[in-house]
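J.: My structure is below; once you've seen it, I'll send some questions.
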Amino acid sequence: KPSVDRKNRIKEPKNIMRTVDPAALEILEYTKENNIITAFDRWSAQQPQCAFGYQGICCRICFAGPCRIKGVEGPGSMGICGARDYTIVARNAIRMMAGGCSAHSDHGRELVEVLYHLAEGHAPDYEVRDPDKLRRVAKKIGLEIEGKSDLDLAKEVAEVAFEDYGRHTSEGCKFLKANICEKRIKKYEETDTMPRAIDREVVEVMHRTHVGVDADPVNLIFGGIKCSLADVTGEHISTDISDILFGTPKPVMSEANLGVIDPDKVNIIVHGHNPVLSQMVVDTARELEEEAKAAGAKGIGISGICCTGNEVLMRNGVPIATSYMAQELAIATGAIDVMVVDVQCIMPGLRNVCECFNTKLVTTMSISKIPGSYHFSFEDSKAKKSAEAIIRLAIEAYKDRKNTGRPVRIPQFKNKLMAGFSLEALLDLFAAINPDNPIKVLTDAIINGEIAGVCALAGCNNLEAVYEKNHTEIVKELAKNNVFMVGTGCVMQAAAKHGLLNYEAVEKYAGPGLKRFIDRLYEANKDKLSDKLPLAFHMGSCVDNSRILDLWTEMANALNVDVPKVPFVATAPEGMSEKAVAIGTWVVASGIPCHVGAMPPLEGSNLVWSVVTCIAHDVFGGYFILETDPQEAAKKLLAALEYRAWKLKVHM
Ligand code: XCC
């Protein structure tokens, strides 16, 4: 069991500043003085949180309840229907997986629709920016590519992706099977966890968790694993089609933290997840730069929050304003004219903060509206027009901000970063050393002991931990111990904000082997890089965890082993969302040890706890490490890597 001290956690004083981010601390002081309520205050107000919910033993699936599990014996130890703790915990957990799968995959569906509409001539503002990627993806999913135009091929790729959402036969999702190794395909077929179609697996989870259906916790969890593998299918579709439409990322320099905001620019924050919107805003802003200048501004300043921020960082070097938990604090700088949002991780609490500073909050998706905000419907047939309207709204808001002389406060904290490491970009770096077998550069470095292995950094912010403390401590500890790190999502925004995505961090924190490895990579590539390489390699948004799956698949194939033998681990130091639950589950089902640093609601059932932390290992080779102490977590991740690397060398 992890070192969770729940009693201490809930006794923490109300005014505690729960972050190590100096910019957030500065703004939190201001919001406190001015009674502006943010997530940090709401977190305190929620304490102590309901212990039943916290442990996953509150059942609200039917309204005969809510039922809570009290004790281990007698009628109170079961729900009204007789459901035991293990059934309730497992049902709640797999419903979270279905929620995560829905979010990632519906985001993917939007992209498939844009690609399809583009091929049909109905999305004139979009184009195929990476035809090579289109051809690589088409080939991988089994399409004939010779003699076909980009648009014809785009339509065929979109059609296969649509099938992955709604196939009625059981051969398995093509975007999954095309990207995993043979042994994993066999494993999923044997364990009946190969997803048939994305929508189908979500529906099946909702069905089997309905009152009076599946009560077997192991059977429930296997259903959740199948749905989580549907989740990674949707993520892969999202990544592949984003690259086709907007370009496959290459190394790019930028900056992160609230200091990137320039009060003399028309400031727009893009927030949410879908590049269909954010990329269009970025492209259109370039064209409307003169209008902003005519209004007296230095230009248009776009910065990003959450994963849509990561999308435009990766492809355009758009700076990161902050990560999920500090989204309201960015508004409280007073310098943001418009925040434009699409889907996921957008706090409804933003609206009140925007009101305090006259920031225009603009929603764009019909499924994601916030009372009191502006809504500009964003359809792919008129995407550019909507983007123009949003930018002109920002220019008007800027004029108003300057005319009224509203004060701004921008904490002077920002750090340089290098991002843009798609799998293609990473392999390209390796290819400069070994053009015939690029991935061998990485696997050889592990076998000869130069680096300890690879760790994927992923996931959100959760105030259960001190904001961004787990992220930064784990990165530093793994670096010291020569772990090569790749990552996605808000953890990489945290790393960037704290100066961990640049070469200075290599000099400061990398162990000798890791430093030698990163230096060697740089030396072989310095002609094409504008700066030295970073301590950790930013691979994109959360759907781009699919790039990380591709990385361990490449490594497993190069080593001629199944994934559970690859010295590869993952961590979500401050996991929070349903999407994180789905990701963690397919990571484990891939055969990777996966640490989570904020406690998921599983503690109410010893049986489920042992399934996810132990039995999963026997079946899939991966398992969860649930550990809230970042130093302990780093030790456990390092031990897992050491064991795998040792075994690998013994069998070489
Ligand atoms: Fe949301 Fe993707 Fe989590 Fe950040 S990492 S809090 S899910 S934005 Ni995806």
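Quick note on naming: the chains in the structure tokens go A, B, ... in the order shown, residues restart at 1 in each chain, and ligands are numbered from 1 in order of appearance.
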To check your reading of the model: which residues sit at most 6 Å from ligand 1 when counting only C-alpha atoms and all ligand atoms? Write the answer as a PyMOL selection string.
T.: chain A and resi 306-307+324+345+459-461+489-490+542+577+579
J.: Just want the 7 Å neighbourhood of Leu457 in chain A, counted on only C-alpha atoms, with same-chain residues fewer than 5 positions away dropped. Output as number ranges by chain.
T.: A: 486-488, 491, 570-572
J.: May I have the selected residues written with C-alpha atoms, as a JSON list (two decimals), in the first residue's frame?
T.:
```json
[["chain", "number", "residue", "atom", "x", "y", "z"],
["A", 486, "VAL", "CA", 9.41, 11.46, -23.05],
["A", 487, "GLY", "CA", 6.05, 12.98, -22.20],
["A", 488, "THR", "CA", 2.73, 14.57, -23.05],
["A", 491, "VAL", "CA", 2.98, 17.21, -16.91],
["A", 570, "ALA", "CA", 5.13, 5.51, -17.16],
["A", 571, "THR", "CA", 3.99, 8.01, -14.58],
["A", 572, "ALA", "CA", 1.00, 10.29, -14.16]]
```
J.: DSSP on the backbone, strand (DSSP E) only: what residues of range 167-378 of chain A does that give? Format it as a PyMOL selection string.
T.: chain A and resi 252-256+266-271+300-305+320-322+338-341+360-363+374-375
J.: List every residue of range 269-455 of chain A that DSSP, applied to the backbone, labels as helix (DSSP H, G or I), and write the result as a ChimeraX atom specification.
T.: /A:275-287,289-294,306-316,324-331,350-357,380-404,423-431,440-447
J.: For the residues in the current selection, export C-alpha atoms as a PDB file, in the first residue's frame.
T.:
```
ATOM      1  CA  PRO A 275      -6.289  21.465 -33.017  1.00  0.00           C
ATOM      2  CA  VAL A 276      -9.117  21.845 -35.557  1.00  0.00           C
ATOM      3  CA  LEU A 277      -9.904  25.058 -33.684  1.00  0.00           C
ATOM      4  CA  SER A 278      -6.592  26.189 -32.203  1.00  0.00           C
ATOM      5  CA  GLN A 279      -4.565  25.692 -35.371  1.00  0.00           C
ATOM      6  CA  MET A 280      -7.094  27.753 -37.319  1.00  0.00           C
ATOM      7  CA  VAL A 281      -6.914  30.545 -34.708  1.00  0.00           C
ATOM      8  CA  VAL A 282      -3.100  30.532 -34.879  1.00  0.00           C
ATOM      9  CA  ASP A 283      -3.046  30.605 -38.703  1.00  0.00           C
ATOM     10  CA  THR A 284      -5.697  33.312 -38.926  1.00  0.00           C
ATOM     11  CA  ALA A 285      -4.032  35.481 -36.268  1.00  0.00           C
ATOM     12  CA  ARG A 286      -0.960  35.738 -38.468  1.00  0.00           C
ATOM     13  CA  GLU A 287      -3.131  37.186 -41.225  1.00  0.00           C
ATOM     14  CA  GLU A 289      -1.682  40.980 -37.287  1.00  0.00           C
ATOM     15  CA  GLU A 290      -2.011  44.353 -39.074  1.00  0.00           C
ATOM     16  CA  GLU A 291      -5.543  44.882 -37.737  1.00  0.00           C
ATOM     17  CA  ALA A 292      -4.210  44.415 -34.224  1.00  0.00           C
ATOM     18  CA  LYS A 293      -1.437  46.912 -34.863  1.00  0.00           C
ATOM     19  CA  ALA A 294      -3.936  49.398 -36.263  1.00  0.00           C
ATOM     20  CA  CYS A 306      -3.872  22.258 -21.660  1.00  0.00           C
ATOM     21  CA  CYS A 307      -3.553  20.029 -24.662  1.00  0.00           C
ATOM     22  CA  THR A 308      -4.697  22.334 -27.425  1.00  0.00           C
ATOM     23  CA  GLY A 309      -1.838  24.500 -26.162  1.00  0.00           C
ATOM     24  CA  ASN A 310       0.414  21.484 -26.603  1.00  0.00           C
ATOM     25  CA  GLU A 311      -0.866  20.943 -30.154  1.00  0.00           C
ATOM     26  CA  VAL A 312       0.054  24.457 -31.306  1.00  0.00           C
ATOM     27  CA  LEU A 313       3.258  24.452 -29.277  1.00  0.00           C
ATOM     28  CA  MET A 314       4.385  21.275 -31.027  1.00  0.00           C
ATOM     29  CA  ARG A 315       3.638  22.525 -34.525  1.00  0.00           C
ATOM     30  CA  ASN A 316       4.093  26.289 -34.257  1.00  0.00           C
ATOM     31  CA  TYR A 324      -4.822  22.896 -16.206  1.00  0.00           C
ATOM     32  CA  MET A 325      -4.998  23.833 -12.539  1.00  0.00           C
ATOM     33  CA  ALA A 326      -3.853  27.427 -13.067  1.00  0.00           C
ATOM     34  CA  GLN A 327      -6.191  28.249 -15.976  1.00  0.00           C
ATOM     35  CA  GLU A 328      -8.137  30.772 -13.895  1.00  0.00           C
ATOM     36  CA  LEU A 329      -4.890  32.355 -12.722  1.00  0.00           C
ATOM     37  CA  ALA A 330      -3.980  33.192 -16.329  1.00  0.00           C
ATOM     38  CA  ILE A 331      -7.187  35.238 -16.564  1.00  0.00           C
ATOM     39  CA  LEU A 350     -13.427  30.411 -15.554  1.00  0.00           C
ATOM     40  CA  ARG A 351     -16.588  32.356 -16.230  1.00  0.00           C
ATOM     41  CA  ASN A 352     -16.581  34.176 -12.877  1.00  0.00           C
ATOM     42  CA  VAL A 353     -12.914  35.063 -13.098  1.00  0.00           C
ATOM     43  CA  CYS A 354     -13.399  36.350 -16.655  1.00  0.00           C
ATOM     44  CA  GLU A 355     -16.188  38.588 -15.324  1.00  0.00           C
ATOM     45  CA  CYS A 356     -13.780  40.191 -12.846  1.00  0.00           C
ATOM     46  CA  PHE A 357     -11.359  41.157 -15.627  1.00  0.00           C
ATOM     47  CA  ASP A 380     -15.330  22.980 -40.538  1.00  0.00           C
ATOM     48  CA  SER A 381     -17.222  24.436 -43.514  1.00  0.00           C
ATOM     49  CA  LYS A 382     -16.678  27.969 -42.187  1.00  0.00           C
ATOM     50  CA  ALA A 383     -13.766  27.552 -39.804  1.00  0.00           C
ATOM     51  CA  LYS A 384     -11.765  30.524 -40.970  1.00  0.00           C
ATOM     52  CA  LYS A 385     -14.707  32.910 -40.694  1.00  0.00           C
ATOM     53  CA  SER A 386     -15.274  31.862 -37.084  1.00  0.00           C
ATOM     54  CA  ALA A 387     -11.576  32.279 -36.296  1.00  0.00           C
ATOM     55  CA  GLU A 388     -11.614  35.758 -37.810  1.00  0.00           C
ATOM     56  CA  ALA A 389     -14.660  36.726 -35.756  1.00  0.00           C
ATOM     57  CA  ILE A 390     -13.002  35.488 -32.564  1.00  0.00           C
ATOM     58  CA  ILE A 391      -9.800  37.422 -33.266  1.00  0.00           C
ATOM     59  CA  ARG A 392     -11.730  40.607 -34.053  1.00  0.00           C
ATOM     60  CA  LEU A 393     -13.609  40.195 -30.770  1.00  0.00           C
ATOM     61  CA  ALA A 394     -10.201  40.032 -29.075  1.00  0.00           C
ATOM     62  CA  ILE A 395      -9.049  43.202 -30.842  1.00  0.00           C
ATOM     63  CA  GLU A 396     -12.168  45.025 -29.582  1.00  0.00           C
ATOM     64  CA  ALA A 397     -11.581  43.690 -26.075  1.00  0.00           C
ATOM     65  CA  TYR A 398      -7.971  44.863 -26.245  1.00  0.00           C
ATOM     66  CA  LYS A 399      -9.099  48.402 -27.166  1.00  0.00           C
ATOM     67  CA  ASP A 400     -11.505  48.345 -24.265  1.00  0.00           C
ATOM     68  CA  ARG A 401      -8.767  47.128 -21.899  1.00  0.00           C
ATOM     69  CA  LYS A 402      -6.449  49.938 -22.964  1.00  0.00           C
ATOM     70  CA  ASN A 403      -9.182  52.606 -22.938  1.00  0.00           C
ATOM     71  CA  THR A 404     -10.302  51.743 -19.450  1.00  0.00           C
ATOM     72  CA  LEU A 423       8.063   9.837 -32.973  1.00  0.00           C
ATOM     73  CA  GLU A 424       9.270  10.739 -36.457  1.00  0.00           C
ATOM     74  CA  ALA A 425      11.353  13.609 -35.042  1.00  0.00           C
ATOM     75  CA  LEU A 426      12.809  11.405 -32.329  1.00  0.00           C
ATOM     76  CA  LEU A 427      13.720   8.646 -34.776  1.00  0.00           C
ATOM     77  CA  ASP A 428      15.242  11.281 -37.021  1.00  0.00           C
ATOM     78  CA  LEU A 429      17.585  12.285 -34.185  1.00  0.00           C
ATOM     79  CA  PHE A 430      18.565   8.641 -33.673  1.00  0.00           C
ATOM     80  CA  ALA A 431      19.001   8.150 -37.427  1.00  0.00           C
ATOM     81  CA  LYS A 440      18.789   0.722 -31.813  1.00  0.00           C
ATOM     82  CA  VAL A 441      20.491   3.910 -30.617  1.00  0.00           C
ATOM     83  CA  LEU A 442      18.028   3.960 -27.723  1.00  0.00           C
ATOM     84  CA  THR A 443      17.900   0.229 -27.004  1.00  0.00           C
ATOM     85  CA  ASP A 444      21.705  -0.090 -27.188  1.00  0.00           C
ATOM     86  CA  ALA A 445      22.107   2.753 -24.710  1.00  0.00           C
ATOM     87  CA  ILE A 446      19.944   0.778 -22.275  1.00  0.00           C
ATOM     88  CA  ILE A 447      21.716  -2.511 -22.864  1.00  0.00           C
TER      89      ILE A 447
END
```
J.: Residues at most 10 Å from Ala634 in chain A, counting only C-alpha atoms, excluding those fewer than 6 positions away in the same chain, as a list in words?
T.: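 Non-adjacent residues within range: Asn470, Glu473, Ile474, Val475, Lys476, Glu477, Leu478, Asn481, Thr571, Pro573, His595, Glu627 and Ala640 of chain A.
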J.: With a cut-off of 7 Å, could you pull out the residues of range 141-213 of chain A touching range 119-130 of chain A and give me the nearest pair of atoms for each, distance in Å to one decimal, using only C-alpha atoms, ordered by chain and ascending number, as a tab-separated table?
T.:
```
residue	atom	partner	partner_atom	distance
A:Leu151	CA	A:Ala119	CA	4.9
A:Asp152	CA	A:Ala119	CA	6.6
A:Ala154	CA	A:Ala119	CA	6.2
A:Lys155	CA	A:Ala119	CA	5.5
```
J.: Identify which of the residues A:Glu603, A:Glu578, A:Asp214, A:Glu110 lies closest to Gln344 in chain A, counting only C-alpha atoms when measuring atom-to-atom distances.
T.: A:Glu578
J.: Hey, what's within 8 Å of Phe421 in chain A if we count only C-alpha atoms and toss same-chain stuff fewer than 4 positions away? As a list in words, please?
T.: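 The residues that qualify are Pro249, Lys250, Pro251, Met314, Ala425, Leu426, Phe537, His538, Met539 and Gly540 of chain A.
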